[in-house]
>>> print(open('my_file_33.pdb').read())   # PDB, C-alpha atoms
MODEL        1
ATOM      1  CA  MET A   1     -30.589 -11.215 -14.315
ATOM      2  CA  ILE A   2     -29.160 -14.744 -14.097
ATOM      3  CA  LEU A   3     -31.629 -17.622 -13.834
ATOM      4  CA  GLN A   4     -30.529 -21.105 -12.802
ATOM      5  CA  LEU A   5     -33.097 -23.646 -13.945
ATOM      6  CA  HIS A   6     -34.190 -26.750 -12.042
ATOM      7  CA  LYS A   7     -32.180 -29.825 -13.012
ATOM      8  CA  SER A   8     -35.426 -31.396 -14.198
ATOM      9  CA  ILE A   9     -35.526 -28.909 -17.093
ATOM     10  CA  SER A  10     -34.278 -30.520 -20.306
ATOM     11  CA  THR A  11     -31.720 -28.958 -22.623
ATOM     12  CA  GLN A  12     -34.362 -28.388 -25.277
ATOM     13  CA  GLU A  13     -36.756 -26.759 -22.814
ATOM     14  CA  ALA A  14     -33.942 -24.515 -21.558
ATOM     15  CA  ALA A  15     -33.136 -23.526 -25.134
ATOM     16  CA  ASN A  16     -36.808 -22.722 -25.770
ATOM     17  CA  LEU A  17     -36.969 -20.562 -22.652
ATOM     18  CA  ALA A  18     -33.830 -18.716 -23.796
ATOM     19  CA  VAL A  19     -35.512 -17.870 -27.099
ATOM     20  CA  GLU A  20     -38.669 -16.777 -25.295
ATOM     21  CA  LEU A  21     -36.759 -14.499 -22.919
ATOM     22  CA  ARG A  22     -34.186 -13.389 -25.520
ATOM     23  CA  ALA A  23     -31.589 -14.678 -23.088
ATOM     24  CA  PHE A  24     -28.172 -16.299 -23.393
ATOM     25  CA  HIS A  25     -28.204 -20.009 -22.558
ATOM     26  CA  ILE A  26     -25.090 -21.650 -21.149
ATOM     27  CA  THR A  27     -24.438 -24.859 -19.257
ATOM     28  CA  THR A  28     -22.066 -24.775 -16.307
ATOM     29  CA  ASN A  29     -21.491 -27.528 -13.740
ATOM     30  CA  ASP A  30     -24.417 -29.428 -15.312
ATOM     31  CA  ASN A  31     -26.734 -26.492 -14.599
ATOM     32  CA  HIS A  32     -28.711 -24.667 -17.269
ATOM     33  CA  ILE A  33     -28.150 -20.935 -16.881
ATOM     34  CA  LEU A  34     -30.094 -18.176 -18.624
ATOM     35  CA  ILE A  35     -28.696 -14.628 -18.700
ATOM     36  CA  THR A  36     -30.935 -11.705 -19.543
ATOM     37  CA  SER A  37     -30.136  -8.009 -19.510
ATOM     38  CA  SER A  38     -29.749  -6.311 -16.141
ATOM     39  CA  GLY A  39     -33.015  -4.500 -16.878
ATOM     40  CA  MET A  40     -34.949  -7.609 -15.832
ATOM     41  CA  LYS A  41     -35.539  -7.377 -12.072
ATOM     42  CA  GLU A  42     -38.249  -9.962 -11.367
ATOM     43  CA  VAL A  43     -38.810 -13.578 -12.376
ATOM     44  CA  PRO A  44     -41.895 -13.915 -14.600
ATOM     45  CA  VAL A  45     -44.684 -15.632 -12.669
ATOM     46  CA  GLU A  46     -45.041 -18.372 -15.277
ATOM     47  CA  LEU A  47     -41.371 -19.359 -14.755
ATOM     48  CA  GLU A  48     -41.287 -19.487 -10.955
ATOM     49  CA  ASN A  49     -41.709 -23.274 -10.810
ATOM     50  CA  LYS A  50     -38.827 -23.746 -13.263
ATOM     51  CA  ILE A  51     -36.223 -21.634 -11.443
ATOM     52  CA  GLU A  52     -33.851 -23.100  -8.857
ATOM     53  CA  GLN A  53     -32.351 -19.727  -7.931
ATOM     54  CA  TYR A  54     -31.742 -16.335  -9.482
ATOM     55  CA  TRP A  55     -29.535 -13.257  -9.158
ATOM     56  CA  VAL A  56     -30.506  -9.643  -9.834
ATOM     57  CA  PHE A  57     -27.866  -7.121 -10.953
ATOM     58  CA  ASN A  58     -27.747  -3.346 -11.260
ATOM     59  CA  SER A  59     -25.435  -3.527 -14.276
ATOM     60  CA  ASP A  60     -24.402  -5.984 -16.982
ATOM     61  CA  MET A  61     -21.506  -7.236 -14.872
ATOM     62  CA  GLN A  62     -23.231 -10.532 -14.180
ATOM     63  CA  LEU A  63     -21.349 -13.787 -14.812
ATOM     64  CA  SER A  64     -18.146 -12.026 -13.756
ATOM     65  CA  ALA A  65     -19.617 -10.730 -10.496
ATOM     66  CA  LYS A  66     -18.624 -12.082  -7.106
ATOM     67  CA  SER A  67     -22.248 -11.777  -6.070
ATOM     68  CA  PHE A  68     -22.949 -14.571  -8.603
ATOM     69  CA  LEU A  69     -19.812 -16.656  -8.098
ATOM     70  CA  PRO A  70     -17.921 -15.710  -4.901
ATOM     71  CA  GLN A  71     -14.955 -17.984  -5.634
ATOM     72  CA  LYS A  72     -12.342 -16.771  -8.108
ATOM     73  CA  ARG A  73     -12.537 -18.806 -11.290
ATOM     74  CA  GLN A  74      -9.849 -21.463 -11.719
ATOM     75  CA  ILE A  75      -8.133 -21.659 -15.105
ATOM     76  CA  CYS A  76      -5.698 -24.264 -16.438
ATOM     77  CA  ILE A  77      -2.735 -22.990 -18.477
ATOM     78  CA  GLY A  78      -1.193 -26.182 -19.813
ATOM     79  CA  ASP A  79      -0.441 -28.188 -16.672
ATOM     80  CA  LYS A  80      -0.442 -25.077 -14.453
ATOM     81  CA  ILE A  81      -3.400 -23.599 -12.601
ATOM     82  CA  ILE A  82      -4.170 -19.975 -11.794
ATOM     83  CA  GLY A  83      -7.128 -18.592  -9.914
ATOM     84  CA  GLY A  84      -9.302 -20.630  -7.594
ATOM     85  CA  ASN A  85      -7.295 -21.578  -4.514
ATOM     86  CA  SER A  86      -4.042 -22.054  -6.424
ATOM     87  CA  MET A  87      -2.161 -19.022  -5.008
ATOM     88  CA  HIS A  88      -0.036 -18.945  -8.162
ATOM     89  CA  THR A  89       1.383 -15.976 -10.056
ATOM     90  CA  LEU A  90       2.099 -16.996 -13.638
ATOM     91  CA  LEU A  91       5.125 -15.139 -15.000
ATOM     92  CA  ILE A  92       4.793 -14.843 -18.773
ATOM     93  CA  GLY A  93       7.879 -13.646 -20.612
ATOM     94  CA  GLY A  94       9.016 -13.108 -24.163
ATOM     95  CA  PRO A  95       9.483 -10.421 -26.792
ATOM     96  CA  CYS A  96       6.969  -7.864 -27.952
ATOM     97  CA  SER A  97       7.174  -9.326 -31.471
ATOM     98  CA  VAL A  98       8.397 -12.581 -32.944
ATOM     99  CA  GLU A  99      11.143 -11.351 -35.274
ATOM    100  CA  SER A 100      13.140 -14.446 -36.235
ATOM    101  CA  GLU A 101      13.623 -18.069 -35.240
ATOM    102  CA  GLU A 102      16.908 -17.274 -33.519
ATOM    103  CA  GLN A 103      15.349 -14.480 -31.472
ATOM    104  CA  ILE A 104      12.305 -16.454 -30.293
ATOM    105  CA  ARG A 105      14.428 -19.548 -29.633
ATOM    106  CA  GLN A 106      16.685 -17.564 -27.296
ATOM    107  CA  SER A 107      13.568 -16.326 -25.494
ATOM    108  CA  ALA A 108      12.148 -19.856 -25.203
ATOM    109  CA  ALA A 109      15.470 -21.072 -23.821
ATOM    110  CA  LEU A 110      15.437 -18.292 -21.208
ATOM    111  CA  ILE A 111      11.908 -19.110 -20.043
ATOM    112  CA  THR A 112      12.752 -22.809 -19.808
ATOM    113  CA  SER A 113      16.030 -22.195 -17.946
ATOM    114  CA  LEU A 114      14.152 -20.338 -15.195
ATOM    115  CA  GLY A 115      11.635 -23.132 -14.762
ATOM    116  CA  LEU A 116       8.834 -21.003 -16.207
ATOM    117  CA  THR A 117       6.327 -22.377 -18.673
ATOM    118  CA  THR A 118       4.625 -19.660 -20.735
ATOM    119  CA  LEU A 119       6.118 -17.783 -23.685
ATOM    120  CA  ARG A 120       4.648 -14.650 -25.236
ATOM    121  CA  GLY A 121       5.308 -13.161 -28.635
ATOM    122  CA  GLY A 122       3.334 -10.920 -30.978
ATOM    123  CA  CYS A 123       2.721 -12.160 -34.518
ATOM    124  CA  TYR A 124      -0.028  -9.820 -35.720
ATOM    125  CA  LYS A 125       0.840  -6.386 -34.386
ATOM    126  CA  PRO A 126      -1.836  -3.668 -34.070
ATOM    127  CA  ARG A 127       0.422  -0.651 -34.540
ATOM    128  CA  THR A 128      -0.508   3.015 -34.259
ATOM    129  CA  SER A 129       1.556   3.902 -37.327
ATOM    130  CA  PRO A 130       1.183   2.089 -40.672
ATOM    131  CA  TYR A 131       4.958   2.431 -41.127
ATOM    132  CA  SER A 132       5.828   0.440 -38.000
ATOM    133  CA  PHE A 133       6.687  -3.263 -38.006
ATOM    134  CA  GLN A 134       3.397  -5.168 -38.370
ATOM    135  CA  GLY A 135       4.685  -8.579 -37.269
ATOM    136  CA  LEU A 136       5.474 -11.780 -39.162
ATOM    137  CA  GLY A 137       1.849 -12.906 -39.175
ATOM    138  CA  TYR A 138       1.216 -16.607 -39.696
ATOM    139  CA  ASP A 139       4.952 -17.324 -40.104
ATOM    140  CA  GLY A 140       5.542 -15.842 -36.652
ATOM    141  CA  LEU A 141       2.729 -17.923 -35.200
ATOM    142  CA  MET A 142       4.319 -21.075 -36.620
ATOM    143  CA  LEU A 143       7.628 -20.121 -34.996
ATOM    144  CA  LEU A 144       5.819 -19.853 -31.660
ATOM    145  CA  VAL A 145       4.267 -23.271 -32.252
ATOM    146  CA  LYS A 146       7.707 -24.657 -33.035
ATOM    147  CA  MET A 147       9.047 -23.353 -29.707
ATOM    148  CA  LYS A 148       6.020 -24.822 -27.949
ATOM    149  CA  GLU A 149       6.750 -28.246 -29.402
ATOM    150  CA  GLU A 150      10.508 -28.169 -28.856
ATOM    151  CA  TYR A 151      10.554 -26.681 -25.345
ATOM    152  CA  GLY A 152       7.239 -27.914 -23.963
ATOM    153  CA  LEU A 153       5.995 -24.375 -23.354
ATOM    154  CA  THR A 154       2.524 -22.909 -23.479
ATOM    155  CA  ILE A 155       2.225 -19.895 -25.768
ATOM    156  CA  ILE A 156       0.196 -16.694 -25.815
ATOM    157  CA  THR A 157      -0.198 -14.308 -28.740
ATOM    158  CA  GLU A 158      -2.469 -11.440 -29.667
ATOM    159  CA  ALA A 159      -5.305 -11.240 -32.162
ATOM    160  CA  LYS A 160      -5.224  -7.942 -34.034
ATOM    161  CA  ASP A 161      -8.644  -8.377 -35.628
ATOM    162  CA  ALA A 162     -11.172 -11.052 -36.548
ATOM    163  CA  THR A 163      -9.506 -11.971 -39.860
ATOM    164  CA  HIS A 164      -6.995 -14.302 -38.195
ATOM    165  CA  ILE A 165      -8.687 -15.135 -34.883
ATOM    166  CA  GLU A 166      -9.450 -18.732 -35.864
ATOM    167  CA  GLU A 167      -5.793 -19.603 -36.517
ATOM    168  CA  ILE A 168      -4.783 -18.045 -33.203
ATOM    169  CA  ILE A 169      -7.490 -20.035 -31.417
ATOM    170  CA  GLU A 170      -6.244 -23.188 -33.146
ATOM    171  CA  HIS A 171      -2.547 -22.803 -32.388
ATOM    172  CA  SER A 172      -2.135 -20.787 -29.170
ATOM    173  CA  ASP A 173      -2.752 -21.908 -25.595
ATOM    174  CA  ILE A 174      -3.931 -18.483 -24.434
ATOM    175  CA  ILE A 175      -5.692 -16.075 -26.796
ATOM    176  CA  GLN A 176      -4.777 -12.467 -26.095
ATOM    177  CA  ILE A 177      -7.243  -9.721 -26.959
ATOM    178  CA  GLY A 178      -5.235  -6.515 -26.995
ATOM    179  CA  ALA A 179      -6.225  -3.117 -25.646
ATOM    180  CA  LYS A 180      -7.030  -1.844 -29.145
ATOM    181  CA  ALA A 181      -9.222  -4.891 -29.847
ATOM    182  CA  MET A 182     -11.155  -4.971 -26.567
ATOM    183  CA  TYR A 183     -14.296  -3.748 -28.344
ATOM    184  CA  ASP A 184     -13.908  -6.014 -31.404
ATOM    185  CA  GLN A 185     -17.048  -8.110 -31.148
ATOM    186  CA  GLY A 186     -15.903 -10.413 -33.946
ATOM    187  CA  ILE A 187     -12.945 -11.454 -31.782
ATOM    188  CA  LEU A 188     -15.027 -11.579 -28.584
ATOM    189  CA  HIS A 189     -17.710 -13.788 -30.112
ATOM    190  CA  ALA A 190     -15.127 -16.124 -31.667
ATOM    191  CA  CYS A 191     -13.413 -16.489 -28.294
ATOM    192  CA  SER A 192     -16.747 -17.224 -26.622
ATOM    193  CA  ARG A 193     -17.080 -20.360 -28.770
ATOM    194  CA  THR A 194     -13.838 -21.963 -27.579
ATOM    195  CA  THR A 195     -12.869 -23.234 -24.140
ATOM    196  CA  LYS A 196      -9.263 -22.037 -24.373
ATOM    197  CA  PRO A 197      -8.203 -19.325 -21.898
ATOM    198  CA  VAL A 198      -8.781 -15.804 -23.182
ATOM    199  CA  LEU A 199      -6.793 -12.873 -21.803
ATOM    200  CA  ILE A 200      -8.485  -9.511 -22.345
ATOM    201  CA  LYS A 201      -6.408  -6.365 -21.997
ATOM    202  CA  ARG A 202      -8.100  -3.227 -20.756
ATOM    203  CA  GLY A 203      -8.441  -0.492 -23.353
ATOM    204  CA  PHE A 204      -6.390   2.518 -22.319
ATOM    205  CA  GLY A 205      -9.478   4.748 -22.366
ATOM    206  CA  SER A 206     -11.922   2.226 -20.908
ATOM    207  CA  THR A 207     -13.688   2.307 -17.567
ATOM    208  CA  LEU A 208     -13.605  -0.709 -15.311
ATOM    209  CA  GLN A 209     -17.264  -1.355 -16.115
ATOM    210  CA  GLU A 210     -16.572  -1.354 -19.869
ATOM    211  CA  PHE A 211     -13.552  -3.607 -19.328
ATOM    212  CA  VAL A 212     -15.552  -6.226 -17.465
ATOM    213  CA  GLN A 213     -18.423  -6.044 -19.953
ATOM    214  CA  ALA A 214     -15.969  -7.093 -22.677
ATOM    215  CA  ALA A 215     -15.323 -10.198 -20.579
ATOM    216  CA  GLU A 216     -19.084 -10.763 -20.341
ATOM    217  CA  PHE A 217     -19.234 -11.134 -24.138
ATOM    218  CA  VAL A 218     -16.942 -14.161 -23.850
ATOM    219  CA  LEU A 219     -18.505 -15.572 -20.681
ATOM    220  CA  SER A 220     -22.054 -15.282 -21.989
ATOM    221  CA  GLY A 221     -21.107 -17.330 -25.046
ATOM    222  CA  GLY A 222     -20.117 -20.254 -22.840
ATOM    223  CA  ASN A 223     -16.347 -19.830 -22.371
ATOM    224  CA  GLU A 224     -15.693 -19.667 -18.631
ATOM    225  CA  ASN A 225     -11.904 -19.304 -19.012
ATOM    226  CA  VAL A 226     -11.521 -15.537 -19.066
ATOM    227  CA  ILE A 227      -8.601 -13.586 -17.590
ATOM    228  CA  LEU A 228      -8.461  -9.807 -17.185
ATOM    229  CA  CYS A 229      -5.245  -7.882 -17.856
ATOM    230  CA  GLU A 230      -4.563  -4.365 -16.585
ATOM    231  CA  ARG A 231      -1.902  -2.696 -18.770
ATOM    232  CA  GLY A 232      -2.214   0.991 -17.966
ATOM    233  CA  ILE A 233      -4.706   3.707 -18.839
ATOM    234  CA  ARG A 234      -4.268   7.108 -20.442
ATOM    235  CA  THR A 235      -4.300  10.004 -17.964
ATOM    236  CA  PHE A 236      -3.044  13.589 -18.031
ATOM    237  CA  GLU A 237       0.465  12.369 -17.098
ATOM    238  CA  THR A 238       3.049  12.522 -19.908
ATOM    239  CA  GLY A 239       6.126  11.337 -18.031
ATOM    240  CA  THR A 240       5.155   7.691 -18.479
ATOM    241  CA  ARG A 241       3.555   5.921 -21.414
ATOM    242  CA  PHE A 242       0.401   5.098 -19.429
ATOM    243  CA  THR A 243      -0.637   4.913 -15.765
ATOM    244  CA  LEU A 244      -0.821   1.443 -14.223
ATOM    245  CA  ASP A 245      -4.149   1.441 -12.407
ATOM    246  CA  LEU A 246      -3.516  -0.504  -9.209
ATOM    247  CA  CYS A 247      -6.614   1.087  -7.669
ATOM    248  CA  GLY A 248      -8.545  -0.488 -10.525
ATOM    249  CA  VAL A 249      -6.871  -3.817  -9.791
ATOM    250  CA  ALA A 250      -8.083  -3.642  -6.190
ATOM    251  CA  TRP A 251     -11.595  -2.847  -7.469
ATOM    252  CA  LEU A 252     -11.545  -5.813  -9.856
ATOM    253  CA  GLN A 253     -10.299  -8.149  -7.118
ATOM    254  CA  HIS A 254     -13.129  -6.997  -4.868
ATOM    255  CA  HIS A 255     -15.980  -7.065  -7.386
ATOM    256  CA  THR A 256     -15.182  -9.789  -9.943
ATOM    257  CA  ASN A 257     -14.505 -13.514  -9.919
ATOM    258  CA  LEU A 258     -11.990 -13.368 -12.786
ATOM    259  CA  PRO A 259      -8.230 -13.999 -12.476
ATOM    260  CA  LEU A 260      -6.047 -10.921 -13.009
ATOM    261  CA  ILE A 261      -2.776 -10.567 -14.894
ATOM    262  CA  LEU A 262      -0.832  -7.295 -14.924
ATOM    263  CA  ASP A 263       1.368  -5.884 -17.680
ATOM    264  CA  PRO A 264       3.770  -3.248 -16.311
ATOM    265  CA  SER A 265       5.816  -3.251 -19.532
ATOM    266  CA  HIS A 266       3.161  -1.422 -21.544
ATOM    267  CA  ALA A 267       2.147   0.779 -18.626
ATOM    268  CA  LEU A 268       5.513   2.413 -18.028
ATOM    269  CA  GLY A 269       6.993   2.053 -21.495
ATOM    270  CA  LYS A 270      10.555   2.230 -20.102
ATOM    271  CA  THR A 271      12.631  -0.546 -18.603
ATOM    272  CA  TYR A 272      13.950   1.317 -15.564
ATOM    273  CA  GLY A 273      10.887   0.821 -13.374
ATOM    274  CA  ILE A 274       9.409  -2.416 -14.656
ATOM    275  CA  PRO A 275      10.989  -4.698 -11.992
ATOM    276  CA  SER A 276       9.723  -2.379  -9.232
ATOM    277  CA  LEU A 277       6.233  -2.278 -10.728
ATOM    278  CA  ALA A 278       6.276  -6.065 -11.115
ATOM    279  CA  ARG A 279       7.109  -6.439  -7.427
ATOM    280  CA  ALA A 280       4.278  -4.052  -6.489
ATOM    281  CA  CYS A 281       1.870  -6.076  -8.623
ATOM    282  CA  THR A 282       3.067  -9.323  -7.084
ATOM    283  CA  ALA A 283       2.481  -7.906  -3.593
ATOM    284  CA  MET A 284      -1.194  -7.469  -4.508
ATOM    285  CA  GLY A 285      -1.579 -11.225  -4.954
ATOM    286  CA  VAL A 286      -2.242 -11.146  -8.689
ATOM    287  CA  ASP A 287      -2.594 -14.261 -10.805
ATOM    288  CA  GLY A 288       0.041 -13.380 -13.355
ATOM    289  CA  LEU A 289       2.505 -10.933 -14.858
ATOM    290  CA  LEU A 290       3.124 -10.245 -18.540
ATOM    291  CA  ILE A 291       6.679  -8.954 -19.000
ATOM    292  CA  GLU A 292       8.453  -8.192 -22.263
ATOM    293  CA  THR A 293      12.040  -9.381 -22.658
ATOM    294  CA  HIS A 294      14.270  -9.497 -25.725
ATOM    295  CA  PRO A 295      17.767 -10.934 -26.359
ATOM    296  CA  ASN A 296      18.916  -7.508 -27.585
ATOM    297  CA  PRO A 297      16.282  -4.792 -27.035
ATOM    298  CA  LYS A 298      18.355  -2.177 -28.882
ATOM    299  CA  VAL A 299      17.587  -3.877 -32.178
ATOM    300  CA  ALA A 300      13.967  -4.842 -31.420
ATOM    301  CA  ASN A 301      11.483  -4.078 -34.187
ATOM    302  CA  SER A 302       8.816  -2.875 -31.744
ATOM    303  CA  ASP A 303       8.657  -1.380 -28.222
ATOM    304  CA  ALA A 304      12.435  -1.485 -27.832
ATOM    305  CA  SER A 305      12.401   0.934 -24.882
ATOM    306  CA  GLN A 306      10.269  -1.296 -22.642
ATOM    307  CA  GLN A 307      11.812  -4.728 -23.209
ATOM    308  CA  LEU A 308      14.126  -6.073 -20.515
ATOM    309  CA  THR A 309      17.325  -7.826 -21.475
ATOM    310  CA  HIS A 310      17.421 -11.504 -20.553
ATOM    311  CA  GLU A 311      19.792 -10.694 -17.690
ATOM    312  CA  GLU A 312      17.412  -8.022 -16.357
ATOM    313  CA  PHE A 313      14.467 -10.399 -16.658
ATOM    314  CA  THR A 314      16.356 -13.078 -14.737
ATOM    315  CA  GLN A 315      17.250 -10.649 -11.942
ATOM    316  CA  MET A 316      13.646  -9.468 -11.761
ATOM    317  CA  TYR A 317      12.371 -13.053 -11.573
ATOM    318  CA  HIS A 318      14.560 -13.837  -8.574
ATOM    319  CA  SER A 319      13.454 -10.619  -6.852
ATOM    320  CA  LEU A 320       9.779 -11.523  -7.294
ATOM    321  CA  LYS A 321       9.949 -14.860  -5.493
ATOM    322  CA  PRO A 322      10.323 -13.522  -1.921
ATOM    323  CA  VAL A 323       7.608 -10.921  -2.547
ATOM    324  CA  ALA A 324       5.229 -13.616  -3.738
ATOM    325  CA  GLU A 325       6.081 -15.813  -0.761
ATOM    326  CA  ALA A 326       5.375 -12.907   1.606
ATOM    327  CA  VAL A 327       1.746 -12.785   0.434
ATOM    328  CA  GLY A 328       1.339 -16.553   0.226
ATOM    329  CA  TYR A 329       1.836 -16.899  -3.537
ATOM    330  CA  LYS A 330       4.296 -18.787  -5.718
ATOM    331  CA  ILE A 331       5.818 -17.625  -9.010
ATOM    332  CA  ILE A 332       5.260 -20.261 -11.688
TER     333      ILE A 332
ENDMDL
END
>>> encode(input="my_file_33.pdb", output="C-alpha cells")
Amino acid sequence: MILQLHKSISTQEAANLAVELRAFHITTNDNHILITSSGMKEVPVELENKIEQYWVFNSDMQLSAKSFLPQKRQICIGDKIIGGNSMHTLLIGGPCSVESEEQIRQSAALITSLGLTTLRGGCYKPRTSPYSFQGLGYDGLMLLVKMKEEYGLTIITEAKDATHIEEIIEHSDIIQIGAKAMYDQGILHACSRTTKPVLIKRGFGSTLQEFVQAAEFVLSGGNENVILCERGIRTFETGTRFTLDLCGVAWLQHHTNLPLILDPSHALGKTYGIPSLARACTAMGVDGLLIETHPNPKVANSDASQQLTHEEFTQMYHSLKPVAEAVGYKII
C-alpha cells in the first residue's frame, strides 16, 4: 500500500509513522509518501485523519505501477530527456568493453559525428568464464570519463558487483545494473541513495514481476530515475543467444510508469539481425536502444559476434529515423 500524507504532516512525524508502520518513507513533489508491503489492504483507523490519499496493490509493483502514477516518468540524461511526454528514443552506442584509449576514442568520435550523445562501454565485466576478458576496471572507467570530458558525451557503464558501485555512481551519468546483477541488493540499495539515472537489465531467467520488483528496490529508497532494459530471456530456442521479449515490452508499457530501453545486441548475439530488431523496437515507441558497436569487431575482447562495425551502426542509425518518425518519436 502507498500512503500519501497530508501536507500538514511534518518530516519528523512522517519519519515516525514510517518506523511505526515499518514502511519506506520518501518525499516526492513535496509530498511525504509511505510504502508498506502489498499485504496491507486497509488504512489503520488511527491514521485516517493523516492520509491525503492511498493506493492498494495486489503485488509489490507499487511505485512503478501506472495505477499509482499514470504518466510515464521523465528522466534527464545530460541535457536530453526521455520518458514523460518527450517522445524521444535515446540511441546509446559503443563497445561491449573498453579495451584501449584508441578504441574508445574512435567510438566516441562515431557517436559525436552522428549527433548522438550517449556512449556505452563496459569496464567491470561479469563474465560466465573466469578465463574471459574481465575488463580494464577503474582504468577503463577513467578512459570513459576522459571521452566524456573531451567529446561532451554522457556515459553509461555496468556495475558487476557492490565492490565498485560507488566509483561508478561517482563517475558515470547512467548506472547500468546488468542482467546477472539484477538481484544484487548491495547494488540496488546503493543506487537507491543517488538521484542519477539507473538502468536495470532484466535477468535472463526473470519474470516480469521479478524484473519490476528489482526497480522497486531503487524507487523505494528515494531514487525516482529508474529505467528498465529488456535484453532477451532464456527459452528453449538455441538458434539465437536469447529471445527478445517484445510481448514483455508491451506488458511493461501497459502496466508500469518506467521508461524502457531495449538491447537487441545481447538478445540475438549475432550482428545479422540487430538492425532489423532495432527497427522493430523503435516501432514500439520505446525510450531508448542500447547497441554494441566496435571499430573492428573481429579483434574485440568480448562479444565479438554481436558488435556492429561503425559503418553498420551508421547505416542502422539512418534506417531508424523514419521508423521513429512514423510512430511520432525522434532518435536522439
>>> closest_atom_pairs(input="my_file_33.pdb", of="segment 57-133 of chain A", to="segment 181-184 of chain A", cutoff="12 Å", atoms="all atoms listed in the file", output="CSV")
residue,atom,partner,partner_atom,distance
A:Tyr124,CA,A:Ala181,CA,12.0
A:Lys125,CA,A:Ala181,CA,11.1
A:Pro126,CA,A:Ala181,CA,8.6
A:Arg127,CA,A:Ala181,CA,11.5
>>> resolve_selection(input="my_file_33.pdb", expression="the PyMOL selection byres ((chain A and resi 265) around 7)", output="NGL selection string")
:A and (263-264 or 266-269 or 274 or 291-292 or 306)
>>> resolve_selection(input="my_file_33.pdb", expression="the PyMOL selection byres ((chain A and resi 37) around 12)", output="VMD selection string")
chain A and resid 1 to 3 21 to 24 34 to 36 38 to 42 55 to 63 213 216 220
>>> write_last_selection(input="my_file_33.pdb", atoms="C-alpha atoms", output="JSON list (two decimals), in the coordinates of the input")
[["chain", "number", "residue", "atom", "x", "y", "z"],
["A", 1, "MET", "CA", -30.59, -11.22, -14.32],
["A", 2, "ILE", "CA", -29.16, -14.74, -14.10],
["A", 3, "LEU", "CA", -31.63, -17.62, -13.83],
["A", 21, "LEU", "CA", -36.76, -14.50, -22.92],
["A", 22, "ARG", "CA", -34.19, -13.39, -25.52],
["A", 23, "ALA", "CA", -31.59, -14.68, -23.09],
["A", 24, "PHE", "CA", -28.17, -16.30, -23.39],
["A", 34, "LEU", "CA", -30.09, -18.18, -18.62],
["A", 35, "ILE", "CA", -28.70, -14.63, -18.70],
["A", 36, "THR", "CA", -30.94, -11.70, -19.54],
["A", 38, "SER", "CA", -29.75, -6.31, -16.14],
["A", 39, "GLY", "CA", -33.02, -4.50, -16.88],
["A", 40, "MET", "CA", -34.95, -7.61, -15.83],
["A", 41, "LYS", "CA", -35.54, -7.38, -12.07],
["A", 42, "GLU", "CA", -38.25, -9.96, -11.37],
["A", 55, "TRP", "CA", -29.54, -13.26, -9.16],
["A", 56, "VAL", "CA", -30.51, -9.64, -9.83],
["A", 57, "PHE", "CA", -27.87, -7.12, -10.95],
["A", 58, "ASN", "CA", -27.75, -3.35, -11.26],
["A", 59, "SER", "CA", -25.44, -3.53, -14.28],
["A", 60, "ASP", "CA", -24.40, -5.98, -16.98],
["A", 61, "MET", "CA", -21.51, -7.24, -14.87],
["A", 62, "GLN", "CA", -23.23, -10.53, -14.18],
["A", 63, "LEU", "CA", -21.35, -13.79, -14.81],
["A", 213, "GLN", "CA", -18.42, -6.04, -19.95],
["A", 216, "GLU", "CA", -19.08, -10.76, -20.34],
["A", 220, "SER", "CA", -22.05, -15.28, -21.99]]
>>> closest_atom_pairs(input="my_file_33.pdb", of="segment 101-181 of chain A", to="segment 319-331 of chain A", cutoff="12 Å", atoms="only C-alpha atoms", output="tab-separated table")
residue	atom	partner	partner_atom	distance
A:Leu114	CA	A:Ile331	CA	10.7
A:Gly115	CA	A:Ile331	CA	9.9
A:Leu116	CA	A:Ile331	CA	8.5
A:Thr117	CA	A:Ile331	CA	10.8
A:Thr118	CA	A:Ile331	CA	12.0
>>> resolve_selection(input="my_file_33.pdb", expression="the PyMOL selection byres ((chain A and resi 235) around 12)", output="VMD selection string")
chain A and resid 204 to 206 232 to 234 236 to 245 267
>>> residues_near_point(input="my_file_33.pdb", point="(10.8, -3.4, -13.1)", cutoff="6 Å", atoms="all atoms listed in the file", output="mmCIF file with C-alpha atoms, in the frame of the given file")
data_model
loop_
_atom_site.group_PDB
_atom_site.id
_atom_site.type_symbol
_atom_site.label_atom_id
_atom_site.label_comp_id
_atom_site.auth_asym_id
_atom_site.auth_seq_id
_atom_site.Cartn_x
_atom_site.Cartn_y
_atom_site.Cartn_z
ATOM 1 C CA GLY A 273 10.887 0.821 -13.374
ATOM 2 C CA ILE A 274 9.409 -2.416 -14.656
ATOM 3 C CA PRO A 275 10.989 -4.698 -11.992
ATOM 4 C CA SER A 276 9.723 -2.379 -9.232
ATOM 5 C CA LEU A 277 6.233 -2.278 -10.728
ATOM 6 C CA ALA A 278 6.276 -6.065 -11.115
#
>>> residues_near_point(input="my_file_33.pdb", point="(-12.9, -16.5, -31.9)", cutoff="6 Å", atoms="only C-alpha atoms", output="list in words")
Ile165, Glu166, Ile187, His189, Ala190 and Cys191 of chain A
>>> atom_distance(input="my_file_33.pdb", atom1="atom CA of His6 of chain A", atom2="atom CA of Gly222 of chain A")
18.9 Å
>>> atom_distance(input="my_file_33.pdb", atom1="atom CA of Leu91 of chain A", atom2="atom CA of Ser132 of chain A")
27.8 Å
>>> closest_residue(input="my_file_33.pdb", among="A:Thr163, A:Thr128, A:Thr195, A:Thr282", to="Leu90 of chain A", atoms="all atoms listed in the file")
A:Thr282
>>> atom_distance(input="my_file_33.pdb", atom1="atom CA of Leu289 of chain A", atom2="atom CA of Ile200 of chain A")
13.4 Å
>>> closest_residue(input="my_file_33.pdb", among="A:Leu119, A:Thr89, A:Pro259, A:Gly94", to="Arg279 of chain A", atoms="only C-alpha atoms")
A:Thr89
>>> residues_around(input="my_file_33.pdb", residues="Gly135 of chain A", least_positions_apart="2", cutoff="9 Å", atoms="only C-alpha atoms", output="list in words")
Ser97, Val98, Glu99, Gly122, Cys123, Tyr124, Lys125, Pro126, Phe133, Gly137, Gly140, Asn301 and Ser302 of chain A
>>> residues_around(input="my_file_33.pdb", residues="Thr27 of chain A", least_positions_apart="2", cutoff="10 Å", atoms="all atoms listed in the file", output="number ranges by chain")
A: 4, 11, 14, 25, 29-34, 222
>>> closest_residue(input="my_file_33.pdb", among="A:Leu110, A:Asn223, A:Leu5, A:Ser172", to="Tyr151 of chain A", atoms="all atoms listed in the file")
A:Leu110
>>> closest_residue(input="my_file_33.pdb", among="A:Ala65, A:Ile332, A:Leu246, A:Val286", to="Ala215 of chain A", atoms="all atoms listed in the file")
A:Ala65
